[in-house]
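Heads up, target.cif below (mmCIF, C-alpha atoms and all ligand atoms):
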data_my_file
#
loop_
_atom_site.label_atom_id
_atom_site.label_comp_id
_atom_site.auth_asym_id
_atom_site.auth_seq_id
_atom_site.Cartn_x
_atom_site.Cartn_y
_atom_site.Cartn_z
CA MET K 1 -17.88 -23.51 -72.66
CA PRO K 2 -20.17 -20.88 -74.13
CA ALA K 3 -18.11 -18.38 -76.14
CA THR K 4 -18.93 -15.64 -73.62
CA LEU K 5 -17.40 -17.62 -70.73
CA LYS K 6 -14.14 -18.08 -72.64
CA SER K 7 -14.03 -14.41 -73.61
CA ASP K 8 -14.80 -13.42 -69.99
CA TYR K 9 -11.95 -15.64 -68.79
CA ASP K 10 -9.54 -14.17 -71.35
CA LYS K 11 -10.58 -10.63 -70.44
CA LEU K 12 -10.90 -10.89 -66.64
CA GLY K 13 -8.41 -13.67 -65.85
CA PHE K 14 -11.03 -15.54 -63.85
CA LEU K 15 -14.54 -16.97 -63.91
CA SER K 16 -16.85 -17.15 -60.90
CA PRO K 17 -19.22 -18.66 -59.89
CA ILE K 18 -19.44 -21.82 -62.00
CA ASP K 19 -21.90 -24.54 -60.94
CA VAL K 20 -20.22 -27.92 -60.62
CA LEU K 21 -22.03 -29.99 -57.95
CA SER K 22 -25.33 -29.91 -56.11
CA LYS K 23 -25.18 -28.80 -52.46
CA LYS K 24 -25.91 -32.39 -51.45
CA GLN K 25 -22.97 -33.70 -53.49
CA ALA K 26 -20.71 -31.00 -52.08
CA LEU K 27 -21.69 -32.02 -48.56
CA ARG K 28 -20.86 -35.65 -49.36
CA HIS K 29 -17.39 -34.59 -50.55
CA ARG K 30 -16.95 -32.41 -47.47
CA ARG K 31 -17.66 -35.46 -45.31
CA CYS K 32 -14.95 -37.39 -47.20
CA VAL K 33 -12.31 -34.76 -46.31
CA GLN K 34 -13.42 -34.61 -42.72
CA ASP K 35 -13.52 -38.42 -42.35
CA ALA K 36 -9.98 -38.57 -43.74
CA GLU K 37 -8.85 -35.83 -41.35
CA HIS K 38 -10.22 -37.86 -38.44
CA GLN K 39 -8.07 -40.77 -39.57
CA ILE K 40 -4.79 -39.11 -40.59
CA GLY K 41 -4.89 -35.54 -39.23
CA PRO K 42 -5.13 -32.13 -40.90
CA LEU K 43 -5.17 -32.03 -44.70
CA HIS K 44 -4.96 -28.26 -45.14
CA TYR K 45 -2.42 -27.31 -47.85
CA GLN K 46 -1.18 -30.87 -48.33
CA ALA K 47 -0.18 -31.52 -51.95
CA LYS K 48 -1.65 -34.16 -54.24
CA VAL K 49 -4.56 -35.29 -52.08
CA HIS K 50 -6.07 -36.94 -55.19
CA THR K 51 -3.39 -39.64 -54.87
CA ILE K 52 -4.65 -40.77 -51.45
CA LEU K 53 -8.40 -40.08 -51.61
CA ARG K 54 -10.98 -40.89 -54.25
CA SER K 55 -13.12 -37.81 -53.55
CA PRO K 56 -10.62 -35.17 -54.81
CA TYR K 57 -9.78 -37.43 -57.76
CA GLN K 58 -13.49 -37.63 -58.67
CA LEU K 59 -13.79 -33.85 -58.35
CA ALA K 60 -10.66 -33.12 -60.39
CA THR K 61 -11.97 -35.34 -63.20
CA HIS K 62 -15.56 -34.04 -63.08
CA SER K 63 -16.75 -33.28 -66.60
CA ASN K 64 -18.29 -29.93 -65.56
CA ILE K 65 -14.78 -28.82 -64.64
CA LEU K 66 -12.76 -30.55 -67.36
CA ASP K 67 -15.04 -29.27 -70.14
CA LEU K 68 -14.15 -25.72 -69.14
CA VAL K 69 -10.48 -26.51 -68.56
CA GLU K 70 -10.35 -27.99 -72.07
CA GLN K 71 -11.58 -24.71 -73.53
CA ILE K 72 -8.82 -22.88 -71.70
CA LEU K 73 -5.86 -25.29 -72.09
CA GLY K 74 -6.82 -27.37 -75.11
CA ALA K 75 -7.63 -31.08 -75.46
CA ASP K 76 -4.59 -32.40 -73.56
CA ILE K 77 -4.78 -31.86 -69.81
CA LEU K 78 -2.53 -32.88 -66.94
CA LEU K 79 -3.70 -32.73 -63.34
CA TYR K 80 -0.72 -31.10 -61.63
CA ASN K 81 -1.87 -30.77 -58.05
CA THR K 82 -4.85 -30.84 -55.71
CA THR K 83 -4.87 -29.34 -52.25
CA TYR K 84 -7.55 -28.54 -49.69
CA ILE K 85 -7.37 -24.95 -48.49
CA ILE K 86 -9.13 -24.88 -45.15
CA LYS K 87 -9.66 -21.84 -42.98
CA GLU K 88 -10.95 -22.84 -39.58
CA ALA K 89 -13.95 -20.95 -38.13
CA ASN K 90 -13.08 -17.57 -36.60
CA THR K 91 -9.33 -17.75 -37.24
CA PRO K 92 -6.90 -15.14 -38.62
CA ALA K 93 -5.59 -17.26 -41.55
CA HIS K 94 -5.55 -15.20 -44.72
CA VAL K 95 -3.94 -15.14 -48.16
CA SER K 96 -1.99 -12.06 -49.29
CA TRP K 97 -2.20 -10.57 -52.78
CA HIS K 98 -0.20 -12.85 -55.06
CA GLN K 99 0.09 -14.49 -58.45
CA ASP K 100 0.35 -18.30 -58.46
CA LEU K 101 2.87 -18.62 -61.27
CA THR K 102 5.47 -16.53 -59.47
CA TYR K 103 6.65 -19.42 -57.32
CA TRP K 104 5.54 -22.56 -59.17
CA GLY K 105 8.61 -22.81 -61.42
CA LEU K 106 6.66 -23.51 -64.62
CA ASP K 107 8.11 -22.42 -67.96
CA GLY K 108 4.83 -21.13 -69.38
CA ASP K 109 1.34 -20.01 -68.51
CA GLY K 110 -0.49 -23.02 -69.98
CA GLN K 111 -2.09 -23.51 -66.58
CA VAL K 112 -5.40 -22.90 -64.83
CA SER K 113 -6.45 -23.18 -61.17
CA VAL K 114 -9.91 -24.19 -60.03
CA TRP K 115 -11.17 -23.54 -56.49
CA LEU K 116 -14.20 -25.67 -55.63
CA ALA K 117 -16.18 -24.77 -52.51
CA LEU K 118 -17.13 -27.64 -50.18
CA SER K 119 -18.57 -25.25 -47.58
CA PRO K 120 -19.90 -21.69 -47.93
CA ALA K 121 -17.15 -19.33 -49.13
CA ASP K 122 -18.44 -15.77 -48.83
CA GLU K 123 -17.24 -12.39 -47.58
CA GLN K 124 -17.71 -13.49 -43.97
CA SER K 125 -15.83 -16.76 -44.32
CA GLY K 126 -13.02 -15.25 -46.43
CA CYS K 127 -13.77 -16.09 -50.04
CA MET K 128 -11.25 -15.21 -52.73
CA ARG K 129 -10.91 -11.72 -54.17
CA MET K 130 -9.55 -11.15 -57.67
CA ILE K 131 -8.30 -8.13 -59.57
CA PRO K 132 -10.01 -8.25 -62.98
CA GLY K 133 -7.64 -8.05 -65.93
CA SER K 134 -4.50 -8.22 -63.76
CA HIS K 135 -3.26 -11.36 -65.57
CA ALA K 136 -2.77 -9.37 -68.75
CA ALA K 137 0.07 -7.32 -67.24
CA GLY K 138 2.05 -10.50 -66.41
CA PRO K 139 4.37 -11.02 -63.43
CA ARG K 140 4.50 -8.52 -60.55
CA LYS K 141 7.24 -8.23 -57.94
CA HIS K 142 6.53 -10.25 -54.78
CA ASP K 143 7.95 -9.33 -51.38
CA ILE K 144 9.03 -12.34 -49.29
CA SER K 145 10.77 -10.33 -46.60
CA VAL K 146 7.97 -10.32 -44.03
CA GLU K 147 7.10 -13.55 -42.24
CA ASP K 148 3.45 -13.81 -41.30
CA GLU K 149 2.37 -16.95 -39.47
CA ASN K 150 -1.25 -16.28 -40.40
CA ASN K 151 -0.51 -16.15 -44.11
CA VAL K 152 -1.48 -19.44 -45.75
CA LEU K 153 1.17 -19.00 -48.47
CA PHE K 154 4.47 -20.84 -47.90
CA GLN K 155 6.64 -17.73 -48.13
CA SER K 156 4.03 -15.14 -47.11
CA GLN K 157 4.78 -13.66 -50.53
CA LYS K 158 2.94 -10.46 -51.23
CA VAL K 159 2.45 -7.94 -54.03
CA HIS K 160 2.40 -4.39 -52.64
CA GLY K 161 0.36 -1.52 -54.00
CA VAL K 162 -2.73 -3.45 -55.10
CA ASN K 163 -5.71 -1.11 -55.24
CA GLU K 164 -8.26 -3.02 -53.18
CA ARG K 165 -11.08 -0.91 -54.63
CA ASP K 166 -10.50 -2.81 -57.89
CA ALA K 167 -11.02 -6.18 -56.15
CA VAL K 168 -14.00 -8.36 -56.97
CA TYR K 169 -15.20 -10.78 -54.28
CA CYS K 170 -15.91 -14.29 -55.54
CA PRO K 171 -18.47 -15.80 -53.15
CA LEU K 172 -19.23 -19.47 -53.78
CA ASN K 173 -21.96 -21.76 -52.50
CA PRO K 174 -20.92 -25.31 -51.71
CA GLY K 175 -20.58 -27.04 -55.09
CA GLN K 176 -19.63 -23.90 -57.03
CA ALA K 177 -16.14 -23.15 -58.33
CA SER K 178 -13.99 -20.30 -59.55
CA PHE K 179 -11.35 -20.63 -62.28
CA HIS K 180 -8.32 -18.35 -62.36
CA HIS K 181 -5.27 -17.68 -64.50
CA GLY K 182 -1.81 -17.99 -62.94
CA TRP K 183 -1.03 -14.28 -63.34
CA THR K 184 -4.33 -13.08 -61.87
CA LEU K 185 -3.77 -11.16 -58.64
CA HIS K 186 -5.86 -12.69 -55.87
CA SER K 187 -6.08 -12.85 -52.08
CA SER K 188 -8.50 -13.72 -49.29
CA LEU K 189 -9.34 -12.39 -45.83
CA PRO K 190 -9.79 -14.34 -42.56
CA ASN K 191 -12.75 -16.59 -41.85
CA ARG K 192 -15.02 -14.68 -39.44
CA SER K 193 -17.82 -17.24 -39.69
CA ASP K 194 -18.66 -20.09 -37.31
CA ASP K 195 -18.08 -22.78 -39.96
CA ARG K 196 -14.91 -24.09 -41.54
CA ARG K 197 -14.23 -22.67 -45.01
CA ILE K 198 -13.17 -25.66 -47.09
CA GLY K 199 -12.12 -25.44 -50.72
CA LEU K 200 -10.43 -27.89 -53.03
CA ASN K 201 -7.82 -26.13 -55.15
CA ILE K 202 -7.21 -28.06 -58.40
CA GLN K 203 -4.31 -27.14 -60.66
CA TYR K 204 -4.15 -28.18 -64.31
CA ILE K 205 -1.42 -27.66 -66.89
CA ALA K 206 -0.95 -28.35 -70.58
CA PRO K 207 1.54 -31.24 -71.06
CA HIS K 208 4.14 -29.05 -72.84
CA VAL K 209 4.63 -26.96 -69.69
CA ARG K 210 7.78 -27.93 -67.75
CA GLN K 211 8.68 -27.74 -64.09
CA THR K 212 12.01 -25.88 -64.19
CA LYS K 213 13.04 -25.69 -60.54
CA LEU K 214 13.56 -29.32 -59.46
CA PRO K 215 13.19 -32.74 -61.14
CA GLY K 216 10.88 -35.55 -59.99
CA PHE K 217 7.44 -33.93 -59.97
CA SER K 218 4.54 -36.05 -61.16
CA ALA K 219 1.24 -35.41 -62.93
CA LEU K 220 -1.83 -37.34 -64.00
CA LEU K 221 -3.20 -37.27 -67.54
CA VAL K 222 -6.93 -36.55 -67.19
CA ARG K 223 -7.81 -35.78 -70.83
CA GLY K 224 -6.26 -36.25 -74.25
CA GLN K 225 -2.63 -37.21 -74.75
CA ASP K 226 0.73 -36.40 -73.22
CA ARG K 227 3.26 -36.17 -76.07
CA PHE K 228 5.94 -34.59 -73.89
CA HIS K 229 6.37 -36.83 -70.82
CA HIS K 230 7.92 -34.13 -68.67
CA TYR K 231 6.44 -35.63 -65.49
CA GLU K 232 6.48 -38.93 -63.63
CA GLU K 233 3.15 -40.60 -64.44
CA GLU K 234 0.64 -40.92 -61.60
CA SER K 235 -2.08 -43.56 -61.35
CA PRO K 236 -5.60 -42.81 -60.15
CA THR K 237 -6.43 -43.77 -56.57
CA THR K 238 -8.61 -46.84 -56.29
CA ARG K 239 -8.99 -46.87 -52.51
CA ASP K 240 -8.74 -44.29 -49.76
CA LEU K 241 -5.67 -43.91 -47.55
CA ASP K 242 -3.69 -46.80 -48.97
CA PRO K 243 -0.50 -46.97 -46.82
CA ALA K 244 1.88 -47.03 -49.82
CA ALA K 245 0.04 -44.10 -51.42
CA LEU K 246 0.31 -42.12 -48.17
CA VAL K 247 4.09 -42.55 -48.14
CA TRP K 248 4.38 -41.65 -51.85
CA ARG K 249 2.23 -38.53 -51.38
CA GLU K 250 4.35 -37.35 -48.47
CA GLN K 251 7.47 -37.54 -50.66
CA LYS K 252 5.78 -35.48 -53.35
CA ASP K 253 4.51 -33.04 -50.74
CA ARG K 254 8.09 -32.47 -49.55
CA LEU K 255 9.22 -31.93 -53.14
CA HIS K 256 6.32 -29.53 -53.71
CA LYS K 257 7.36 -27.49 -50.66
CA ARG K 258 11.01 -27.47 -51.80
CA ILE K 259 9.91 -26.23 -55.23
CA ALA K 260 7.93 -23.41 -53.61
CA ALA K 261 10.93 -22.46 -51.45
CA THR K 262 13.51 -22.59 -54.29
CA ALA K 263 14.30 -19.27 -55.93
O1 LIG K 301 -8.13 -20.33 -50.47
C1 LIG K 301 -7.81 -19.14 -50.54
O2 LIG K 301 -8.31 -18.30 -49.81
C2 LIG K 301 -6.80 -18.68 -51.55
C3 LIG K 301 -6.58 -19.69 -52.62
C4 LIG K 301 -5.54 -19.35 -53.63
O3 LIG K 301 -4.72 -18.49 -53.47
C5 LIG K 301 -5.55 -20.14 -54.86
O4 LIG K 301 -6.42 -21.00 -55.04
O5 LIG K 301 -4.68 -19.89 -55.72
#
Mind converting the file's structure to structure tokens?
Amino acid sequence: MPATLKSDYDKLGFLSPIDVLSKKQALRHRRCVQDAEHQIGPLHYQAKVHTILRSPYQLATHSNILDLVEQILGADILLYNTTYIIKEANTPAHVSWHQDLTYWGLDGDGQVSVWLALSPADEQSGCMRMIPGSHAAGPRKHDISVEDENNVLFQSQKVHGVNERDAVYCPLNPGQASFHHGWTLHSSLPNRSDDRRIGLNIQYIAPHVRQTKLPGFSALLVRGQDRFHHYEEESPTTRDLDPAALVWREQKDRLHKRIAATA
């Protein structure tokens, strides 16, 4: 990573846009998600899709991404989760202002999230918005008292009092990604376009970071060494939609949802 990118990330708490794939490659990966959806149903917000499909595994181990992640987390990198976040065309689904680390149960901030666009993510289709520098102030209080069926987040958790005039929109062309810190305040508005907005969210952690809420979570070493072994070891997918892998992923998905719902 050029020194300026790292200092921008440290200062702003995010980077966007970063070129990862060509538009043609992004389209190929979009087709992989959609083919899988035709076979097994919706994949929106399902955890650990890299354990059942080769496409998200290839994307999460792409050197254009890992080279930047390495600058942020260091040489040892665990892939913690991958999930497609899909807003259907002209639907009210949105994401309230939140900080990822509030509900993940990790014992440190050695973590970074990447959001890779597989279709156009712009103001019309509801791209992410970030508050520059908000990570530096650390955790903010989240309100989970209001249920909102259109909120993508599991608990509709929301930080009140965010000054939206400070928000920076992060439009991405297919194949571009944003990187954000776990304390960066971010949100997104509904998709008012005629196309699906499809992103692959990829979460990485440093191996020393523990899951404190519940035991049994897994992770995949994608660079360097894991000297801590806090997680069940995952193996890379070698074929799509293997029946045993589908069952295993569903178990981990249930655990992931229980972790998100545990105080
Ligand atoms: O996909 C979105 O609109 C929001 C994604 C998000 O909150 C995240 O990647 O942490």
Which polymer residues have any atom within 9 Å of an atom of Ile72 of chain K, counting all atoms listed in the file, with same-chain residues fewer than 3 positions away left out, as a ChimeraX atom specification?
/K:6,9-10,68-69,110-112
Distance filter 6 Å around ligand LIG 301 (chain K), atoms: only C-alpha atoms and all ligand atoms, out as a ChimeraX atom specification:
/K:85,95,100,115,127-128,187-188,201
May I have the residues within 10 Å of Pro207 of chain K as a CSV table (one decimal) with C-alpha atoms, keeping the file's coordinate frame, using only C-alpha atoms and disregarding those fewer than 3 positions away in the same chain?
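Saved file part-v7.csv follows:
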chain,number,residue,atom,x,y,z
K,73,LEU,CA,-5.9,-25.3,-72.1
K,76,ASP,CA,-4.6,-32.4,-73.6
K,77,ILE,CA,-4.8,-31.9,-69.8
K,78,LEU,CA,-2.5,-32.9,-66.9
K,79,LEU,CA,-3.7,-32.7,-63.3
K,80,TYR,CA,-0.7,-31.1,-61.6
K,110,GLY,CA,-0.5,-23.0,-70.0
K,111,GLN,CA,-2.1,-23.5,-66.6
K,204,TYR,CA,-4.2,-28.2,-64.3
K,210,ARG,CA,7.8,-27.9,-67.8
K,219,ALA,CA,1.2,-35.4,-62.9
K,220,LEU,CA,-1.8,-37.3,-64.0
K,221,LEU,CA,-3.2,-37.3,-67.5
K,224,GLY,CA,-6.3,-36.2,-74.2
K,225,GLN,CA,-2.6,-37.2,-74.8
K,226,ASP,CA,0.7,-36.4,-73.2
K,227,ARG,CA,3.3,-36.2,-76.1
K,228,PHE,CA,5.9,-34.6,-73.9
K,229,HIS,CA,6.4,-36.8,-70.8
K,230,HIS,CA,7.9,-34.1,-68.7
K,231,TYR,CA,6.4,-35.6,-65.5
Name the residues in contact with Cys32 of chain K at a cut-off of 12 Å, using only C-alpha atoms, excluding same-chain residues fewer than 4 positions from it; report them as a VMD selection string.
chain K and resid 25 to 28 36 to 39 43 49 to 50 52 to 59 84 118 198 240 to 241
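One distance worth recording is that between atom CA of Pro120 of chain K and atom CA of Ser156 of chain K, which is 24.8 Å.
We find atom CA of Glu234 of chain K and atom CA of Arg197 of chain K to be spaced 28.8 Å apart.
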Need the shell around Leu106 of chain K: protein/DNA/RNA residues with any atom at most 10 Å away, counting only C-alpha atoms. Skip same-chain ones fewer than 6 positions apart. Format as a VMD selection string?
chain K and resid 205 209 to 213
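The environment of Ser145 of chain K within 10 Å, counting all atoms listed in the file and disregarding residues fewer than 5 places along the same chain, consists of Gln155, Ser156, Gln157 and Lys158 of chain K.
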What would segment 42-122 of chain K look like if you wrote it out as a compact mmCIF listing (two decimals), in the first residue's frame, with C-alpha atoms included, from the block I just posted?
# COMPACT_ATOMS: atom_id res chain seq x y z
CA PRO K 42 -31.31 -16.22 -1.54
CA LEU K 43 -27.77 -15.65 -0.29
CA HIS K 44 -28.25 -12.16 1.12
CA TYR K 45 -26.62 -11.81 4.57
CA GLN K 46 -25.73 -15.49 4.83
CA ALA K 47 -22.48 -16.00 6.75
CA LYS K 48 -19.34 -17.69 5.43
CA VAL K 49 -20.31 -18.01 1.77
CA HIS K 50 -16.62 -18.65 0.98
CA THR K 51 -17.06 -22.12 2.51
CA ILE K 52 -19.66 -23.17 -0.08
CA LEU K 53 -18.63 -21.23 -3.20
CA ARG K 54 -15.27 -20.78 -4.88
CA SER K 55 -16.02 -17.27 -6.16
CA PRO K 56 -16.12 -15.50 -2.73
CA TYR K 57 -13.09 -17.55 -1.64
CA GLN K 58 -11.17 -16.35 -4.73
CA LEU K 59 -12.23 -12.77 -4.03
CA ALA K 60 -11.34 -12.90 -0.33
CA THR K 61 -7.86 -14.19 -1.21
CA HIS K 62 -7.27 -11.77 -4.10
CA SER K 63 -3.81 -10.23 -3.78
CA ASN K 64 -5.11 -6.71 -4.57
CA ILE K 65 -7.19 -6.98 -1.39
CA LEU K 66 -4.81 -8.95 0.83
CA ASP K 67 -1.86 -6.65 0.07
CA LEU K 68 -3.83 -3.76 1.55
CA VAL K 69 -5.21 -5.82 4.44
CA GLU K 70 -1.64 -6.82 5.29
CA GLN K 71 -0.65 -3.16 5.61
CA ILE K 72 -3.53 -2.62 8.01
CA LEU K 73 -3.44 -5.83 10.11
CA GLY K 74 0.11 -7.08 9.65
CA ALA K 75 1.47 -10.22 7.98
CA ASP K 76 -0.85 -12.72 9.71
CA ILE K 77 -4.42 -12.60 8.45
CA LEU K 78 -7.50 -14.67 9.22
CA LEU K 79 -10.58 -14.56 7.02
CA TYR K 80 -13.36 -14.26 9.60
CA ASN K 81 -16.47 -13.99 7.47
CA THR K 82 -17.82 -13.32 3.99
CA THR K 83 -21.39 -12.33 3.25
CA TYR K 84 -23.22 -10.98 0.22
CA ILE K 85 -25.19 -7.85 1.01
CA ILE K 86 -27.84 -7.58 -1.65
CA LYS K 87 -30.40 -4.83 -1.99
CA GLU K 88 -33.00 -5.73 -4.56
CA ALA K 89 -33.95 -3.12 -7.20
CA ASN K 90 -36.37 -0.45 -5.96
CA THR K 91 -36.76 -1.82 -2.43
CA PRO K 92 -36.72 -0.04 0.96
CA ALA K 93 -33.87 -2.12 2.50
CA HIS K 94 -31.37 0.17 4.19
CA VAL K 95 -28.61 0.09 6.79
CA SER K 96 -28.77 2.43 9.80
CA TRP K 97 -25.78 4.32 11.19
CA HIS K 98 -23.70 1.79 13.10
CA GLN K 99 -20.23 0.57 14.01
CA ASP K 100 -19.46 -3.07 13.16
CA LEU K 101 -17.44 -3.89 16.26
CA THR K 102 -20.31 -3.05 18.61
CA TYR K 103 -22.01 -6.40 18.12
CA TRP K 104 -19.27 -8.73 16.85
CA GLY K 105 -17.96 -9.74 20.28
CA LEU K 106 -14.27 -9.34 19.39
CA ASP K 107 -11.79 -8.42 22.11
CA GLY K 108 -9.84 -5.92 20.01
CA ASP K 109 -9.94 -3.80 16.90
CA GLY K 110 -7.40 -5.80 14.88
CA GLN K 111 -10.03 -6.12 12.17
CA VAL K 112 -10.90 -4.63 8.79
CA SER K 113 -13.97 -4.98 6.55
CA VAL K 114 -13.86 -4.87 2.78
CA TRP K 115 -16.97 -4.27 0.65
CA LEU K 116 -16.47 -5.33 -2.96
CA ALA K 117 -19.04 -4.18 -5.52
CA LEU K 118 -20.32 -6.82 -7.97
CA SER K 119 -22.89 -4.42 -9.44
CA PRO K 120 -22.98 -0.61 -9.50
CA ALA K 121 -23.14 0.80 -5.97
CA ASP K 122 -23.86 4.53 -6.20
